[in-house]
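Colleague: Pasting in a structure now, in structure tokens, and then I'll have a few things to ask.
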Amino acid sequence: MALNKRRFDALIIGAGGAGLNAAIQLANTDARVAVVSKVFPTRSHTVAAQGGVNAALANVLPDNWHWHMFDTVKGSDYLGDQDAIEFMCREAIPTVYELEHNGVPFSRLDDGKIYQRAFGGQSQDFGGAQAARTCAAADRTGHAILHALYQQNVRARTHFFDEYFAIDLIRDDEGAILGALVMEIETGEPLLIEAKATVLATGGCGQVYRTTSNAHINTGDGMAMALRAGIPLMDMEFFQFHPTGIAGRGMLITEGVRGEGGYLVNRDGERFMERYAPNAKDLASRDVVSRAIVTEVKEGRGCGPQADHVLLKVDHLGEEIVSKRLPGIRESGRIFAGVDAAHEPLPVFPTAHYVMGGIPTDPYGRVIVPQGTGEEVVPGLYAAGECACVSVHGANRLGGNSLLDILVFGRAAGLDVIENLQEHKNHRPMNESSVEAAMARLTRWDQKGEGISIRELRDEFRKTMEDHAGVFRTEEIMGEGVEKLKALRDRLPEVRLHDHSKVFNTARVEALELENLFDTGIAIAYSALMRKESRGAHSRPDYPDRDDTNWMKHSLYFREDDRMDYKPVRTKPLTVETFPPKARVY
Amino acid sequence: MAKASLRWQCRRGMLELDFVLERYLDRHYDAADQTEQGLFARLLSAQDPELQLWILNGVTHPDPAFQPLIAKIRGI
Ligand SMILES: Cc1cc2nc3c(=O)[nH]c(=O)nc-3n(C[C@H](O)[C@H](O)[C@H](O)COP(=O)(O)OP(=O)(O)OC[C@H]3O[C@@H](n4cnc5c(N)ncnc54)[C@H](O)[C@@H]3O)c2cc1C
């Protein structure tokens with residue numbers, strides 16, 4: 001059967017904040033734009049972001065982009081590229097105003113200006129008093145952004161392929177990207193979308209871990225597509241964990257619970273944080289609390305039949321206070337853990353929240369790969385959002401900076417696509433062998449017979465990631481993990497689908513996602529094993545210090561032979577002085 | 001709507017919703033009568049923040065017909 005084909009000027013894979021903000025830039029041109037999304041656009045994970053987006057508008061307290069830049073460089077533990085960070089912090093201001101213009105109903109002050117909240121990690125005057133930098137649309141910022149940008153795109157006649165799954169990029173022998181092979185989920189039919197420029201905006205990959213706060217759709221598809229196209233992933237060892245997710249499920253329990261007097265206990269009922277952080281105790285920083293919890297479990301003091309979590313107690317506060325001050329937590333406990341927090345402790349474990357690494361790009365969203373002693377742009381390919389790594393978050397991301405990242409660099413990518421299209425009027429010739437390779441990934445799942453189930457291998461993989469590439473990272477644990485992960489990867493060809501129907505065959509989608517989880521997860525595990533220092537979210541008890549002499553550099557993981565390479569951090573900003581590395585104390 | 005299609009509609013932008021919606025589909029959907037199955041399909045067409053209000057935050061749905069279904073989805 002002949003493969004159906006469509007041609008567009010630009011193809012955007014992903015309809016979260018990054019993809020939609022890239023698409024909207026093309027609205028006023030005559031370019032033909034396709035946006036592919038595996039779920040309906042307003043169901044993208046951006047909808048979960050309720051906190052808000054940072055911009056130094058100075059509406060509530062004095063502020064400027066340079067202070068925002070300082071906080072971001074420091075937060076990144078000096079691994080962020082200072083040119084990209086300067087760009088983002090400057091662009092934050094027009095980006096938020098453009099969103100407002102596009103219809104995002106930001107919460108306002110009495111004088112009509114956009115209201116701004118204070119969040120951790122925000123300072124005035126380079127590390128001075130607290131700043132208030134986060135703009136929000138009530139508690140629906142992510143949804144408001146998706147909704148407004150989606151409406152604008154529909155008006156601009158962006159062509160949406162909703163509930164289409166992107167399988168792989170298509171590239172020619174020179175490495176230029178020619179579009180992608182996608183599949184309509186409803187019918188199971190493949191479709192080849194040719195494009196002069198392709199933007200990957202597929203979001204994060206939290207699902208590589210057993211316990212994650214990320215929605216089921218966050219399977220690292222775009223990152224894995226890049227890897228399979230020979231492109232490395234950058235800084236994948238940097239993954240932000242939140243100390244208290246509901247055990248075995250991942251839903252976040254906010255820090256506020258411990259602020260209100262909640263505390264953690266192990267199986268002996270001991271308030272173990274007193275041992276790890278005698279002063280701050282349960283309010284110690286996220287990584288300290290996360291590691292303490294995992295240590296308790298590893299040393300056999302975990303709770304529950306599997307001894308695989310600890311307990312968060314709020315019941316001592318009394319039913320009235322729990323109901324009044326922590327109503328959301330009480331609801332979450334009942335719905336997700338079957339526990340009434342007013343009377344019983346909640347089972348918790350660190351939950352994987354945000355991936356700082358991703359597909360390497362420059363500040364224009366262009367994907368860049370090492371070439372000789374320098375770098376070069378991959379013709380026709382862009383990446384933006386959580387799947388990309390322009391390196392503004394470095395080793396750790398600040399709250400409110402990732403919505404900013406997706407919007408600023410989504411926009412930058414869209415604008416660069418416009419220029420690119422002016423220079424490249426024609427489609428490059430199609431490369432049939434690349435199309436065949438992508439088709440083979442799909443048809444492989446038509447194989448019948450006995451084999452391992454998707455669920456079995458996925459569960460084992462995610463558990464191994466959690467145990468060996470999660471919060472607790474020593475040479476021994478990670479080395480063993482990499483071997484286990486490789487052994488699991490060798491079993492992938494044995495996986496079989498039992499359901500071979502075409503219509504809405506979600507098992508087939510899950511099979512394709514499983515391969516993506518493997519590719520991205522192994523990138524994380526390898527990069528983490530190789531980085532022999534502690535920096536930001538990557539914390540190693542066997543190398544407890546940051547090592548700027550040997551490790552102030554970005555990691556690059558290549559899928560072929562699981563190869564690592566490194567490149568220097570860009571410490572020179574665009575117009576201001578470099579912020580030299582300092583100890584990161586808060 | 002076919003169950004296979006509903007399963008994909010249960011994929012949402014928030015993990016919390018993924019969990020409760022899929023749990024309902026696996027545990028209760030087959031045994032539900034046609035009216036309830038129809039309501040479930042209609043419920044899935046709502047936006048995530050709405051679902052969050054009704055299912056996760058316990059805010060009453062404007063149409064009382066949905067309330068028993070929502071209670072089942074909450075599973076408390
Ligand atoms: C619970 C939670 C709360 C958060 N709160 C905040 C906050 O308050 N502030 C903040 O700044 N950040 C926050 N974040 C982080 C932030 O939400 C994300 O980093 C950001 O939304 C990612 O946006 P994106 O556009 O890159 O991707 P997403 O919004 O995840 O969109 C990805 C898109 O790609 C599509 N896609 C993926 N794979 C495929 C495929 N194979 N084929 C076709 N389409 C595909 C999806 O359908 C989707 O449309 C939060 C994260 C979580 C988990």
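By order of appearance in the structure tokens: chains A, B, ..., then residues from 1 within every chain, and ligands from 1 in the order shown.
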Determine, counting only C-alpha atoms, which protein, DNA and RNA residues have an atom within 12 Å of an atom of Thr571 (chain A); residues of the same chain fewer than 6 positions away are not included. Present the result as an MDAnalysis selection string.
Modeller: chainID A and resid 73 78:86 391:392 394 552:554 577:581
Colleague: For the residues in the current selection, export C-alpha atoms as an mmCIF file, in the first residue's frame.
Modeller:
data_model
loop_
_atom_site.group_PDB
_atom_site.id
_atom_site.type_symbol
_atom_site.label_atom_id
_atom_site.label_comp_id
_atom_site.auth_asym_id
_atom_site.auth_seq_id
_atom_site.Cartn_x
_atom_site.Cartn_y
_atom_site.Cartn_z
ATOM 1 C CA VAL A 73 23.096 31.321 36.624
ATOM 2 C CA TYR A 78 27.158 27.556 36.913
ATOM 3 C CA LEU A 79 26.413 24.937 34.273
ATOM 4 C CA GLY A 80 23.921 27.118 32.393
ATOM 5 C CA ASP A 81 25.167 28.934 29.278
ATOM 6 C CA GLN A 82 25.302 32.598 30.214
ATOM 7 C CA ASP A 83 24.542 33.889 26.721
ATOM 8 C CA ALA A 84 21.342 31.835 26.559
ATOM 9 C CA ILE A 85 20.406 32.857 30.095
ATOM 10 C CA GLU A 86 20.887 36.547 29.329
ATOM 11 C CA SER A 391 21.107 25.269 28.672
ATOM 12 C CA VAL A 392 19.349 27.916 30.673
ATOM 13 C CA GLY A 394 22.168 23.984 33.723
ATOM 14 C CA MET A 552 32.394 22.634 34.311
ATOM 15 C CA LYS A 553 31.341 21.212 30.964
ATOM 16 C CA HIS A 554 28.231 19.889 29.254
ATOM 17 C CA GLU A 577 30.051 40.603 32.545
ATOM 18 C CA THR A 578 30.402 36.896 33.288
ATOM 19 C CA PHE A 579 29.129 35.676 36.646
ATOM 20 C CA PRO A 580 32.099 33.621 37.861
ATOM 21 C CA PRO A 581 31.365 30.360 39.716
#
Colleague: Report the closest atom pair, with its distance in Å rounded to one decimal, for each residue of chain A that has an atom no farther than 6 Å from ligand 1; count only C-alpha atoms and all ligand atoms, sort by chain and then rising residue number, and write it as CSV.
Modeller:
residue,atom,partner,partner_atom_place_in_ligand_line,distance
A:Ile13,CA,ligand 1,44 (N),5.4
A:Gly14,CA,ligand 1,34 (O),3.1
A:Ala15,CA,ligand 1,49 (O),3.5
A:Gly16,CA,ligand 1,31 (O),3.5
A:Gly17,CA,ligand 1,25 (O),3.9
A:Ala18,CA,ligand 1,25 (O),3.8
A:Gly19,CA,ligand 1,25 (O),5.8
A:Val36,CA,ligand 1,43 (C),5.3
A:Ser37,CA,ligand 1,44 (N),3.5
A:Lys38,CA,ligand 1,44 (N),4.0
A:Val39,CA,ligand 1,47 (O),4.4
A:Pro41,CA,ligand 1,49 (O),5.2
A:Ser44,CA,ligand 1,48 (C),4.3
A:His45,CA,ligand 1,29 (O),3.9
A:Thr46,CA,ligand 1,21 (O),3.2
A:Ala48,CA,ligand 1,3 (C),5.0
A:Ala49,CA,ligand 1,5 (N),3.3
A:Gln50,CA,ligand 1,8 (O),4.4
A:Gly51,CA,ligand 1,8 (O),3.1
A:Gly52,CA,ligand 1,8 (O),4.5
A:Val53,CA,ligand 1,11 (O),5.1
A:Tyr164,CA,ligand 1,43 (C),5.7
A:Phe165,CA,ligand 1,42 (N),3.7
A:Ala166,CA,ligand 1,42 (N),3.7
A:Ile167,CA,ligand 1,41 (N),6.0
A:Ala201,CA,ligand 1,26 (O),5.5
A:Thr202,CA,ligand 1,34 (O),3.3
A:Gly203,CA,ligand 1,27 (O),3.3
A:Gly204,CA,ligand 1,30 (O),5.8
A:Ser213,CA,ligand 1,53 (C),5.1
A:Asn214,CA,ligand 1,53 (C),4.5
A:Asp221,CA,ligand 1,41 (N),4.8
A:His353,CA,ligand 1,53 (C),5.4
A:Gly385,CA,ligand 1,26 (O),3.4
A:Glu386,CA,ligand 1,26 (O),3.9
A:Cys387,CA,ligand 1,26 (O),5.9
A:Gly399,CA,ligand 1,9 (N),5.7
A:Gly400,CA,ligand 1,11 (O),3.3
A:Asn401,CA,ligand 1,11 (O),4.6
A:Ser402,CA,ligand 1,11 (O),3.8
A:Leu403,CA,ligand 1,11 (O),3.5
A:Leu404,CA,ligand 1,11 (O),6.0
A:Ile406,CA,ligand 1,26 (O),5.5
Colleague: Compile the contact shell of Tyr24 (chain B) as a ChimeraX atom specification: residues with an atom at most 9 Å away, counting only C-alpha atoms, same-chain residues fewer than 3 positions apart removed.
Modeller: /B:19-21,27-29,72-75
Colleague: For Glu319 (chain A), work out the shell of residues within 9 Å, counting only C-alpha atoms and skipping chain neighbours fewer than 3 positions away, then give it as a PyMOL selection string.
Modeller: chain A and resi 315-316+322-324+341-343
Colleague: Could you please determine the separation between CA of Ala438 (chain A) and CA of Gly380 (chain A) in Å, to one decimal place?
Modeller: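 Atom-to-atom, CA of Ala438 (chain A) to CA of Gly380 (chain A), that is 17.9 Å.
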Colleague: Of the candidates B:Arg42, B:Lys3, B:Gln67, B:Glu22, which one gets nearest to Trp54 (chain B) if we count only C-alpha atoms?
Modeller: B:Gln67
Colleague: Show me, as an mmCIF file with N, CA and C atoms, in the first residue's frame, the residues that have an atom within 12 Å of Asn426 (chain A) when counting only C-alpha atoms, minus same-chain residues fewer than 2 positions from it.
Modeller:
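The file below, result.cif, is the result:
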data_model
loop_
_atom_site.group_PDB
_atom_site.id
_atom_site.type_symbol
_atom_site.label_atom_id
_atom_site.label_comp_id
_atom_site.auth_asym_id
_atom_site.auth_seq_id
_atom_site.Cartn_x
_atom_site.Cartn_y
_atom_site.Cartn_z
ATOM 1 N N ARG A 7 2.714 17.702 2.453
ATOM 2 C CA ARG A 7 3.857 18.620 2.453
ATOM 3 C C ARG A 7 3.501 19.922 3.145
ATOM 4 N N PHE A 8 4.376 20.387 4.017
ATOM 5 C CA PHE A 8 4.203 21.678 4.674
ATOM 6 C C PHE A 8 5.534 22.414 4.638
ATOM 7 N N ASP A 9 5.476 23.732 4.882
ATOM 8 C CA ASP A 9 6.742 24.467 5.006
ATOM 9 C C ASP A 9 7.389 24.123 6.339
ATOM 10 N N ALA A 10 6.561 24.137 7.400
ATOM 11 C CA ALA A 10 7.109 23.854 8.727
ATOM 12 C C ALA A 10 6.269 22.794 9.411
ATOM 13 N N LEU A 178 14.175 16.134 6.975
ATOM 14 C CA LEU A 178 13.231 16.341 5.864
ATOM 15 C C LEU A 178 11.773 16.277 6.311
ATOM 16 N N GLU A 194 6.319 15.865 5.003
ATOM 17 C CA GLU A 194 7.562 16.489 4.545
ATOM 18 C C GLU A 194 7.548 17.948 4.945
ATOM 19 N N ALA A 195 8.698 18.444 5.395
ATOM 20 C CA ALA A 195 8.766 19.854 5.784
ATOM 21 C C ALA A 195 10.162 20.391 5.541
ATOM 22 N N LYS A 196 10.213 21.708 5.264
ATOM 23 C CA LYS A 196 11.531 22.342 5.081
ATOM 24 C C LYS A 196 12.175 22.576 6.440
ATOM 25 N N ALA A 197 11.344 22.768 7.452
ATOM 26 C CA ALA A 197 11.869 22.934 8.818
ATOM 27 C C ALA A 197 10.999 22.134 9.767
ATOM 28 N N GLY A 380 17.560 22.111 8.967
ATOM 29 C CA GLY A 380 16.130 21.793 8.983
ATOM 30 C C GLY A 380 15.588 21.335 10.320
ATOM 31 N N ASN A 420 14.648 30.998 7.928
ATOM 32 C CA ASN A 420 15.118 29.791 7.256
ATOM 33 C C ASN A 420 14.295 29.528 5.984
ATOM 34 N N LEU A 421 12.980 29.734 6.099
ATOM 35 C CA LEU A 421 12.113 29.462 4.943
ATOM 36 C C LEU A 421 12.372 30.456 3.817
ATOM 37 N N GLN A 422 12.804 31.670 4.195
ATOM 38 C CA GLN A 422 13.112 32.639 3.140
ATOM 39 C C GLN A 422 14.345 32.206 2.351
ATOM 40 N N GLU A 423 15.258 31.550 3.039
ATOM 41 C CA GLU A 423 16.479 31.108 2.360
ATOM 42 C C GLU A 423 16.280 29.789 1.607
ATOM 43 N N HIS A 424 15.394 28.952 2.132
ATOM 44 C CA HIS A 424 15.196 27.632 1.517
ATOM 45 C C HIS A 424 13.782 27.529 0.965
ATOM 46 N N ARG A 428 13.874 19.618 0.192
ATOM 47 C CA ARG A 428 14.988 18.782 -0.247
ATOM 48 C C ARG A 428 14.418 17.455 -0.760
ATOM 49 N N PRO A 429 15.165 16.744 -1.622
ATOM 50 C CA PRO A 429 14.642 15.465 -2.130
ATOM 51 C C PRO A 429 14.422 14.471 -0.983
ATOM 52 N N MET A 430 13.367 13.699 -1.066
ATOM 53 C CA MET A 430 13.044 12.702 -0.035
ATOM 54 C C MET A 430 14.096 11.596 -0.034
#
Colleague: Using only C-alpha atoms, find each residue in chain B having at least one atom no more than 12 Å away from chain A; report its shortest atom-to-atom pair and that distance in Å (one decimal), rows by chain then rising number, as a tab-separated table.
Modeller:
residue	atom	partner	partner_atom	distance
B:Met1	CA	A:Phe504	CA	11.3
B:Ala2	CA	A:Phe504	CA	8.9
B:Lys3	CA	A:Phe504	CA	9.0
B:Ala4	CA	A:Phe504	CA	5.5
B:Ser5	CA	A:Phe504	CA	5.4
B:Leu6	CA	A:Phe504	CA	8.9
B:Arg7	CA	A:Thr506	CA	7.5
B:Trp8	CA	A:Thr506	CA	6.7
B:Gln9	CA	A:Val39	CA	8.0
B:Cys10	CA	A:Val39	CA	9.8
B:Arg11	CA	A:His216	CA	6.8
B:Arg12	CA	A:Arg43	CA	5.2
B:Gly13	CA	A:His45	CA	4.0
B:Met14	CA	A:Ala215	CA	5.0
B:Leu15	CA	A:Ala215	CA	3.9
B:Glu16	CA	A:Met251	CA	6.5
B:Leu17	CA	A:Ala215	CA	8.4
B:Asp18	CA	A:Ala215	CA	6.8
B:Phe19	CA	A:Phe336	CA	8.2
B:Val20	CA	A:Ile335	CA	8.0
B:Leu21	CA	A:Ile335	CA	11.7
B:Glu22	CA	A:His216	CA	10.8
B:Arg23	CA	A:Phe336	CA	10.5
B:Leu44	CA	A:Arg43	CA	11.0
B:Ser45	CA	A:Phe40	CA	10.2
B:Ala46	CA	A:Arg43	CA	10.2
B:Gln47	CA	A:Thr42	CA	7.5
B:Asp48	CA	A:Arg43	CA	6.7
B:Pro49	CA	A:Arg140	CA	7.3
B:Glu50	CA	A:Arg140	CA	10.4
B:Leu51	CA	A:Arg43	CA	11.4
B:Gln52	CA	A:Ala48	CA	10.2
B:Leu53	CA	A:Gly328	CA	10.9
B:Trp54	CA	A:Glu331	CA	11.8
B:Ile55	CA	A:Ile335	CA	9.3
B:Leu56	CA	A:Glu331	CA	6.9
B:Asn57	CA	A:Gly328	CA	6.9
B:Gly58	CA	A:Glu331	CA	8.1
B:Val59	CA	A:Glu331	CA	11.5
B:Ile70	CA	A:Ile335	CA	11.9
B:Ala71	CA	A:Ile335	CA	10.6
B:Lys72	CA	A:Ile335	CA	10.7
B:Ile73	CA	A:Ile335	CA	9.1
B:Arg74	CA	A:Ile335	CA	5.9
B:Gly75	CA	A:Ile335	CA	6.4
B:Ile76	CA	A:Ile335	CA	5.8
Colleague: Would you output that residue set with C-alpha atoms, as a short mmCIF file (atom, residue, chain, number, x, y, z; two decimals), in the first residue's frame?
Modeller:
data_model
loop_
_atom_site.label_atom_id
_atom_site.label_comp_id
_atom_site.auth_asym_id
_atom_site.auth_seq_id
_atom_site.Cartn_x
_atom_site.Cartn_y
_atom_site.Cartn_z
CA MET B 1 -17.75 5.63 21.86
CA ALA B 2 -15.53 2.56 21.70
CA LYS B 3 -13.55 1.78 24.82
CA ALA B 4 -10.27 1.84 22.91
CA SER B 5 -10.90 5.44 21.95
CA LEU B 6 -11.91 6.35 25.50
CA ARG B 7 -8.65 4.93 26.77
CA TRP B 8 -6.76 7.46 24.70
CA GLN B 9 -9.08 10.26 25.89
CA CYS B 10 -8.01 9.34 29.43
CA ARG B 11 -4.48 10.50 28.57
CA ARG B 12 -4.41 13.99 30.02
CA GLY B 13 -1.92 16.72 30.84
CA MET B 14 -1.92 15.91 34.55
CA LEU B 15 -0.82 12.66 36.14
CA GLU B 16 -3.60 12.95 38.74
CA LEU B 17 -6.23 12.82 36.00
CA ASP B 18 -4.51 10.01 34.09
CA PHE B 19 -4.63 7.95 37.25
CA VAL B 20 -8.27 8.41 38.26
CA LEU B 21 -9.69 8.24 34.75
CA GLU B 22 -7.82 5.08 33.80
CA ARG B 23 -8.70 3.52 37.13
CA LEU B 44 -13.81 13.32 29.01
CA SER B 45 -14.51 16.14 26.58
CA ALA B 46 -14.14 18.70 29.40
CA GLN B 47 -10.91 20.67 29.86
CA ASP B 48 -8.32 19.43 32.35
CA PRO B 49 -8.77 22.27 34.87
CA GLU B 50 -12.53 21.53 34.97
CA LEU B 51 -11.91 17.85 35.56
CA GLN B 52 -9.46 18.83 38.23
CA LEU B 53 -12.10 20.92 40.01
CA TRP B 54 -14.80 18.27 39.89
CA ILE B 55 -12.77 15.13 40.42
CA LEU B 56 -9.75 16.20 42.43
CA ASN B 57 -11.01 19.23 44.35
CA GLY B 58 -14.51 17.90 44.95
CA VAL B 59 -16.34 20.92 43.51
CA ILE B 70 -17.69 11.65 39.55
CA ALA B 71 -18.01 10.07 42.99
CA LYS B 72 -17.12 6.69 41.47
CA ILE B 73 -14.12 8.19 39.67
CA ARG B 74 -12.89 9.79 42.89
CA GLY B 75 -13.09 6.32 44.41
CA ILE B 76 -13.02 7.49 48.03
#
Colleague: Have a look at CA of Gly188 (chain A) and CA of Lys448 (chain A) and let me know their distance in Å, one decimal.
Modeller: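 Between CA of Gly188 (chain A) and CA of Lys448 (chain A) the gap works out to 16.9 Å.
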Colleague: For CA of Pro350 (chain A) and CA of Gly245 (chain A), quote the distance in Å rounded to one decimal.
Modeller: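 Rounded to one decimal, the two atoms are 5.5 Å apart.
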Colleague: Quick one: residues within 12 Å of Gln130 (chain A), only C-alpha atoms counted, chain neighbours fewer than 2 positions away excluded, as JSON, numbers by chain?
Modeller: {"A": [60, 61, 62, 63, 67, 68, 71, 117, 118, 119, 120, 121, 122, 123, 124, 125, 126, 127, 128, 132, 133, 586]}
